[in-house]
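Below is one structure, written out as structure tokens, with a few remarks after it.
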Amino acid sequence: MKEAQPKIWAGIDAGKEVHWAHLSDASGEKLLSRKVINDEANLAKLIDEALSLAEEVVWAVDQPGGSAALLLGLLWEREQKILYLPGLAVDRARDGYRGESKTDARDAHIIADQARMRSDFGELAPSESDLAELDLLLGRRRELVTDQTRTITRLREKLLSSFPALERELDLNNRGALILVSSYQTPAAIRKLGCKRLAAFLKNRGVKGAEGLAQKALTAAKAQNVTLPAEGVAAAIVSELAGEVLCLKESIEALDGELRERFFAREEAQILTSLPGMGVILGAEFLVAAGDLTAFESSDHLAAYAGLVPAAHDSGKRVGNDKRMRGGNKALKYAFYQSAFASLRSSPDSRVFYDRKRAEGKKHTQALIALARRRVNVLWAMLRDGTTFQKAPSAT
């Protein structure tokens with residue numbers, strides 16, 4: 001029997017039904033390259049085969065979950081080390097390898113080889129059960145918000161085709177406007193009801209600003225006396241769509257309540273939400289995306305993982321020409337970017353920093369990324385020391 005090697009690298013190009021696995025030794029020589037069906041029996045067989053070849057196996061994948069979730073679960077069960085290579089890193093590395101075709105086998109080889117040669121890839125750790133639950137709830141929330149946005153768009157289109165004056169007057173993201181058009185969708189119906197009765201109808205359903213909303217609807221109704229073709233059918237569709245949006249809003253609100261409860265069960269929650277602009281949803285997004293915070297040695301490491309470190313773009317005598325980094329964890333970058341944007345309204349210090357960057361000639365996005373990078377340092381220190389955010393004392 002051939003003696004096991006000290007260490008080998010296993011690159012996995014993950015797919016929905018089939019993965020491609022490539023095993024390399026310390027010199028980069030191929031030990032194995034083949035398809036593996038994405039089920040427990042075949043994946044367990046691959047893991048056993050890899051472990052029989054070496055004392056230590058470093059696994060590298062191009063997906064942190066999704067179709068690779070079963071493989072990751074089996075590897076974590078056996079306490080295996082797993083590195084994550086983002087798709088962008090694989091794409092960039094591909095140009096340095098012989099051949100022009102893009103195949104699963106070639107990508108698996110690149111993943112294994114890059115993991116063998118580089119030490120800057122993040123390690124995937126098994127999510128704690130509460131983080132896994134947060135991840136699922138956040139994913140469901142994103143689905144509901146997407147459905148809500150699409151339904152509101154369809155609602156606007158249908159209302160515009162039959163009652164454009166009302167479509168212009170109403171904010172159809174608002175619960176009160178949705179309650180109104182779920183029951184009254186035509187100019188004639190609103191004129192017949194009148195402002196007082198419409199306001200009373202809305203008040204009885206807990207709508208804030210019912211009088212103002214009723215007056216807007218009546219103004220729109222008086223501006224349109226003509227009956228458009230297929231108005232009755234359009235009205236029925238508007239009513240149905242408005243009802244769907246209201247149901248989606250209720251589902252999102254219920255989900256937000258559950259997210260809030262689970263989020264504040266985490267010891268980091270109070271620290272995260274004390275940072276201006278970082279609410280429950282973005283705080284939960286941060287926890288899920290960052291995972292095990294002990295894996296980050298410094299704020300620079302965390303910023304690099306989030307893709308918030310400027311990349312050098314020098315050429316010849318042109319130096320200091322940094323550009324935005326394209327890689328990094330997109331979910332983590334989103335959490336930092338959105339919280340930075342939100343902090344402009346609630347934190348004078350953030351606004352001053354942002355305005356200074358704009359005055360230096362940076363565009364809006366560049367200034368926000370610079371602010372997000374600055375806030376990484378602040379959040380890192382808060383989490384390291386276990387302290388909540390304290391506003392800097394005013395200069396006297």
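Labels for the structure tokens follow display order: chains A, B, ..., residues from 1 in each chain, ligands from 1.
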Env of A:Asp107: 10 Å cut, atoms = only C-alpha atoms, seq-sep filter 4 positions within chain, self excluded. Answer as a list in words.
Gly11, Ile12, Asp13, Ala14, Trp20, Ala21, His22, Asp62, Gly87, Val90, Asp91, Ala93, Arg94, Ser101, Lys102, Thr103, Ile111, Ala112 and Asp113 of chain A
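Residues with any atom within 10 Å of A:Gly243, counting only C-alpha atoms and excluding same-chain neighbours fewer than 5 positions away, are A:Leu178, A:Ile179, A:Val181, A:Ser182, A:Ser183, A:Ile237, A:Val238, A:Leu248, A:Lys249.
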For A:Arg154, work out the shell of residues within 12 Å, counting only C-alpha atoms and skipping chain neighbours fewer than 5 positions away, then give it as a PyMOL selection string.
chain A and resi 147-149+159-161+167+172+234+237-242+244-245
I need the residues from that last selection saved to file as a PDB file, in the first residue's frame (with N, CA and C atoms), if you can.
ATOM      1  N   ASP A 147     -40.534  39.804  -3.916  1.00  0.00           N
ATOM      2  CA  ASP A 147     -41.914  39.587  -4.368  1.00  0.00           C
ATOM      3  C   ASP A 147     -42.754  40.847  -4.177  1.00  0.00           C
ATOM      4  N   GLN A 148     -42.547  41.525  -3.054  1.00  0.00           N
ATOM      5  CA  GLN A 148     -43.297  42.753  -2.781  1.00  0.00           C
ATOM      6  C   GLN A 148     -42.975  43.829  -3.818  1.00  0.00           C
ATOM      7  N   THR A 149     -41.696  44.002  -4.124  1.00  0.00           N
ATOM      8  CA  THR A 149     -41.285  45.020  -5.100  1.00  0.00           C
ATOM      9  C   THR A 149     -41.888  44.731  -6.469  1.00  0.00           C
ATOM     10  N   LEU A 159     -52.762  50.250 -12.341  1.00  0.00           N
ATOM     11  CA  LEU A 159     -53.450  51.466 -11.922  1.00  0.00           C
ATOM     12  C   LEU A 159     -53.200  52.595 -12.918  1.00  0.00           C
ATOM     13  N   LEU A 160     -52.001  52.635 -13.469  1.00  0.00           N
ATOM     14  CA  LEU A 160     -51.668  53.659 -14.459  1.00  0.00           C
ATOM     15  C   LEU A 160     -52.521  53.517 -15.711  1.00  0.00           C
ATOM     16  N   SER A 161     -52.889  52.282 -16.041  1.00  0.00           N
ATOM     17  CA  SER A 161     -53.673  52.045 -17.260  1.00  0.00           C
ATOM     18  C   SER A 161     -55.136  52.430 -17.111  1.00  0.00           C
ATOM     19  N   GLU A 167     -52.560  57.036  -9.467  1.00  0.00           N
ATOM     20  CA  GLU A 167     -51.220  56.426  -9.408  1.00  0.00           C
ATOM     21  C   GLU A 167     -50.154  57.484  -9.103  1.00  0.00           C
ATOM     22  N   LEU A 172     -47.500  53.814  -3.277  1.00  0.00           N
ATOM     23  CA  LEU A 172     -48.034  52.462  -3.162  1.00  0.00           C
ATOM     24  C   LEU A 172     -47.158  51.527  -2.330  1.00  0.00           C
ATOM     25  N   ALA A 234     -59.493  46.130 -14.934  1.00  0.00           N
ATOM     26  CA  ALA A 234     -58.289  46.701 -14.329  1.00  0.00           C
ATOM     27  C   ALA A 234     -58.488  46.932 -12.837  1.00  0.00           C
ATOM     28  N   ILE A 237     -58.121  43.713 -10.899  1.00  0.00           N
ATOM     29  CA  ILE A 237     -56.717  43.304 -10.805  1.00  0.00           C
ATOM     30  C   ILE A 237     -55.984  44.173  -9.793  1.00  0.00           C
ATOM     31  N   VAL A 238     -56.268  45.490  -9.813  1.00  0.00           N
ATOM     32  CA  VAL A 238     -55.639  46.401  -8.847  1.00  0.00           C
ATOM     33  C   VAL A 238     -55.984  45.981  -7.423  1.00  0.00           C
ATOM     34  N   SER A 239     -57.244  45.659  -7.194  1.00  0.00           N
ATOM     35  CA  SER A 239     -57.673  45.233  -5.861  1.00  0.00           C
ATOM     36  C   SER A 239     -56.941  43.967  -5.418  1.00  0.00           C
ATOM     37  N   GLU A 240     -56.830  43.029  -6.339  1.00  0.00           N
ATOM     38  CA  GLU A 240     -56.143  41.766  -6.017  1.00  0.00           C
ATOM     39  C   GLU A 240     -54.667  41.993  -5.714  1.00  0.00           C
ATOM     40  N   LEU A 241     -53.996  42.791  -6.540  1.00  0.00           N
ATOM     41  CA  LEU A 241     -52.571  43.049  -6.344  1.00  0.00           C
ATOM     42  C   LEU A 241     -52.314  43.809  -5.045  1.00  0.00           C
ATOM     43  N   ALA A 242     -53.184  44.783  -4.755  1.00  0.00           N
ATOM     44  CA  ALA A 242     -53.029  45.533  -3.501  1.00  0.00           C
ATOM     45  C   ALA A 242     -53.168  44.601  -2.300  1.00  0.00           C
ATOM     46  N   GLU A 244     -52.429  41.423  -2.269  1.00  0.00           N
ATOM     47  CA  GLU A 244     -51.209  40.614  -2.218  1.00  0.00           C
ATOM     48  C   GLU A 244     -50.070  41.374  -1.542  1.00  0.00           C
ATOM     49  N   VAL A 245     -49.928  42.654  -1.872  1.00  0.00           N
ATOM     50  CA  VAL A 245     -48.859  43.453  -1.262  1.00  0.00           C
ATOM     51  C   VAL A 245     -49.086  43.584   0.239  1.00  0.00           C
TER      52      VAL A 245
END
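The residue that comes closest to A:Arg375, out of A:Glu360, A:Asp300, A:Glu29, A:Glu268 and on the basis of only C-alpha atoms, is A:Asp300.
Nearest to A:Arg34 of all the residues A:Ile271, A:Val61, A:Val18, A:Lys362 is A:Val18, counting only C-alpha atoms.
Taking atom CA of A:Lys222 as the reference point, atom CA of A:Cys195 is found at 11.4 Å.
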Let me make sure I understand: among A:Leu170, A:Leu85, A:Val233, A:Leu193, which one has the smallest atom-to-atom distance to A:Ala220 if we use only C-alpha atoms?
A:Leu170
Run DSSP on the backbone and tell me which residues of stretch 84-158 of chain A come out as alpha helix (DSSP H); list them as number ranges by chain.
A: 87-94, 104-117, 129-158
Take the residues just selected and output them with N, CA and C atoms as a short mmCIF file (atom, residue, chain, number, x, y, z; two decimals), in the first residue's frame.
data_model
loop_
_atom_site.label_atom_id
_atom_site.label_comp_id
_atom_site.auth_asym_id
_atom_site.auth_seq_id
_atom_site.Cartn_x
_atom_site.Cartn_y
_atom_site.Cartn_z
N GLY A 87 -15.67 33.12 -6.81
CA GLY A 87 -15.65 32.89 -8.25
C GLY A 87 -14.76 33.87 -8.99
N LEU A 88 -14.71 35.14 -8.50
CA LEU A 88 -13.88 36.15 -9.15
C LEU A 88 -12.41 35.77 -9.07
N ALA A 89 -11.98 35.20 -7.93
CA ALA A 89 -10.59 34.79 -7.78
C ALA A 89 -10.25 33.67 -8.76
N VAL A 90 -11.19 32.75 -8.95
CA VAL A 90 -10.98 31.65 -9.90
C VAL A 90 -10.90 32.20 -11.32
N ASP A 91 -11.79 33.14 -11.65
CA ASP A 91 -11.79 33.71 -13.00
C ASP A 91 -10.48 34.41 -13.30
N ARG A 92 -9.96 35.15 -12.35
CA ARG A 92 -8.71 35.88 -12.57
C ARG A 92 -7.53 34.93 -12.70
N ALA A 93 -7.56 33.86 -11.90
CA ALA A 93 -6.44 32.92 -11.93
C ALA A 93 -6.44 32.08 -13.20
N ARG A 94 -7.61 31.90 -13.81
CA ARG A 94 -7.73 31.03 -14.97
C ARG A 94 -6.81 31.45 -16.11
N ASP A 104 -15.31 22.21 -15.92
CA ASP A 104 -15.37 21.93 -14.49
C ASP A 104 -14.05 21.33 -14.00
N ALA A 105 -13.48 20.43 -14.80
CA ALA A 105 -12.21 19.79 -14.42
C ALA A 105 -11.10 20.82 -14.29
N ARG A 106 -11.04 21.75 -15.24
CA ARG A 106 -10.00 22.78 -15.21
C ARG A 106 -10.18 23.71 -14.02
N ASP A 107 -11.42 24.10 -13.76
CA ASP A 107 -11.67 24.98 -12.62
C ASP A 107 -11.34 24.30 -11.29
N ALA A 108 -11.66 23.02 -11.16
CA ALA A 108 -11.33 22.29 -9.93
C ALA A 108 -9.82 22.24 -9.73
N HIS A 109 -9.08 22.04 -10.84
CA HIS A 109 -7.61 22.04 -10.77
C HIS A 109 -7.10 23.40 -10.31
N ILE A 110 -7.68 24.49 -10.86
CA ILE A 110 -7.26 25.84 -10.50
C ILE A 110 -7.55 26.12 -9.02
N ILE A 111 -8.71 25.69 -8.56
CA ILE A 111 -9.08 25.90 -7.15
C ILE A 111 -8.09 25.20 -6.23
N ALA A 112 -7.76 23.95 -6.54
CA ALA A 112 -6.81 23.20 -5.72
C ALA A 112 -5.43 23.85 -5.75
N ASP A 113 -4.99 24.26 -6.93
CA ASP A 113 -3.65 24.84 -7.09
C ASP A 113 -3.53 26.19 -6.40
N GLN A 114 -4.57 27.01 -6.52
CA GLN A 114 -4.53 28.32 -5.85
C GLN A 114 -4.53 28.15 -4.33
N ALA A 115 -5.30 27.21 -3.82
CA ALA A 115 -5.31 26.95 -2.38
C ALA A 115 -3.94 26.47 -1.90
N ARG A 116 -3.25 25.69 -2.76
CA ARG A 116 -1.92 25.19 -2.41
C ARG A 116 -0.89 26.31 -2.36
N MET A 117 -0.98 27.26 -3.28
CA MET A 117 0.06 28.28 -3.42
C MET A 117 -0.19 29.55 -2.61
N SER A 129 -25.81 27.09 15.15
CA SER A 129 -27.19 26.83 14.77
C SER A 129 -28.01 28.12 14.68
N ASP A 130 -27.75 29.07 15.59
CA ASP A 130 -28.54 30.31 15.56
C ASP A 130 -28.15 31.17 14.35
N LEU A 131 -26.89 31.13 13.95
CA LEU A 131 -26.49 31.85 12.75
C LEU A 131 -27.09 31.21 11.50
N ALA A 132 -27.15 29.89 11.50
CA ALA A 132 -27.77 29.20 10.37
C ALA A 132 -29.25 29.55 10.28
N GLU A 133 -29.91 29.68 11.43
CA GLU A 133 -31.32 30.06 11.43
C GLU A 133 -31.49 31.49 10.95
N LEU A 134 -30.60 32.39 11.40
CA LEU A 134 -30.63 33.77 10.94
C LEU A 134 -30.44 33.84 9.42
N ASP A 135 -29.53 33.03 8.92
CA ASP A 135 -29.25 33.00 7.48
C ASP A 135 -30.51 32.60 6.70
N LEU A 136 -31.20 31.58 7.17
CA LEU A 136 -32.42 31.14 6.49
C LEU A 136 -33.51 32.21 6.55
N LEU A 137 -33.66 32.84 7.70
CA LEU A 137 -34.69 33.88 7.85
C LEU A 137 -34.38 35.09 6.98
N LEU A 138 -33.11 35.47 6.91
CA LEU A 138 -32.72 36.59 6.05
C LEU A 138 -32.96 36.26 4.58
N GLY A 139 -32.66 35.03 4.20
CA GLY A 139 -32.91 34.61 2.83
C GLY A 139 -34.39 34.67 2.49
N ARG A 140 -35.22 34.21 3.42
CA ARG A 140 -36.67 34.27 3.20
C ARG A 140 -37.15 35.72 3.13
N ARG A 141 -36.58 36.57 3.96
CA ARG A 141 -36.96 37.99 3.93
C ARG A 141 -36.62 38.62 2.59
N ARG A 142 -35.45 38.30 2.06
CA ARG A 142 -35.07 38.84 0.76
C ARG A 142 -36.04 38.39 -0.32
N GLU A 143 -36.49 37.14 -0.24
CA GLU A 143 -37.46 36.64 -1.21
C GLU A 143 -38.78 37.41 -1.12
N LEU A 144 -39.25 37.64 0.10
CA LEU A 144 -40.51 38.35 0.29
C LEU A 144 -40.41 39.80 -0.18
N VAL A 145 -39.29 40.44 0.12
CA VAL A 145 -39.10 41.84 -0.30
C VAL A 145 -39.06 41.92 -1.83
N THR A 146 -38.40 40.94 -2.46
CA THR A 146 -38.36 40.90 -3.93
C THR A 146 -39.76 40.72 -4.51
N ASP A 147 -40.53 39.80 -3.92
CA ASP A 147 -41.91 39.59 -4.37
C ASP A 147 -42.75 40.85 -4.18
N GLN A 148 -42.55 41.52 -3.05
CA GLN A 148 -43.30 42.75 -2.78
C GLN A 148 -42.98 43.83 -3.82
N THR A 149 -41.70 44.00 -4.12
CA THR A 149 -41.28 45.02 -5.10
C THR A 149 -41.89 44.73 -6.47
N ARG A 150 -41.83 43.47 -6.88
CA ARG A 150 -42.38 43.09 -8.18
C ARG A 150 -43.90 43.30 -8.23
N THR A 151 -44.58 42.96 -7.15
CA THR A 151 -46.04 43.10 -7.13
C THR A 151 -46.43 44.57 -7.14
N ILE A 152 -45.70 45.40 -6.41
CA ILE A 152 -45.99 46.84 -6.43
C ILE A 152 -45.77 47.41 -7.83
N THR A 153 -44.76 46.93 -8.52
CA THR A 153 -44.51 47.39 -9.89
C THR A 153 -45.69 47.03 -10.80
N ARG A 154 -46.19 45.80 -10.67
CA ARG A 154 -47.35 45.39 -11.46
C ARG A 154 -48.59 46.20 -11.08
N LEU A 155 -48.73 46.48 -9.79
CA LEU A 155 -49.86 47.28 -9.31
C LEU A 155 -49.82 48.68 -9.93
N ARG A 156 -48.66 49.29 -9.95
CA ARG A 156 -48.51 50.62 -10.56
C ARG A 156 -48.90 50.59 -12.04
N GLU A 157 -48.46 49.57 -12.74
CA GLU A 157 -48.75 49.46 -14.18
C GLU A 157 -50.26 49.36 -14.42
N LYS A 158 -50.94 48.53 -13.63
CA LYS A 158 -52.38 48.35 -13.82
C LYS A 158 -53.16 49.60 -13.42
#
Polymer residues at most 9 Å from A:Ala290, only C-alpha atoms, same-chain spacing of 3 or more positions, as a compact mmCIF listing (two decimals) with C-alpha atoms, in the first residue's frame:
# COMPACT_ATOMS: atom_id res chain seq x y z
CA GLU A 285 -26.51 40.25 7.69
CA PHE A 286 -23.12 41.13 9.16
CA LEU A 287 -23.16 38.24 11.65
CA LEU A 293 -15.10 36.71 14.03
CA LEU A 302 -11.95 42.01 7.97
CA TYR A 305 -12.55 39.99 3.31
CA ALA A 306 -15.40 42.47 2.72
CA ASN A 329 -17.68 38.85 0.37
CA ALA A 331 -23.01 40.19 1.61
CA LEU A 332 -20.49 41.65 4.06
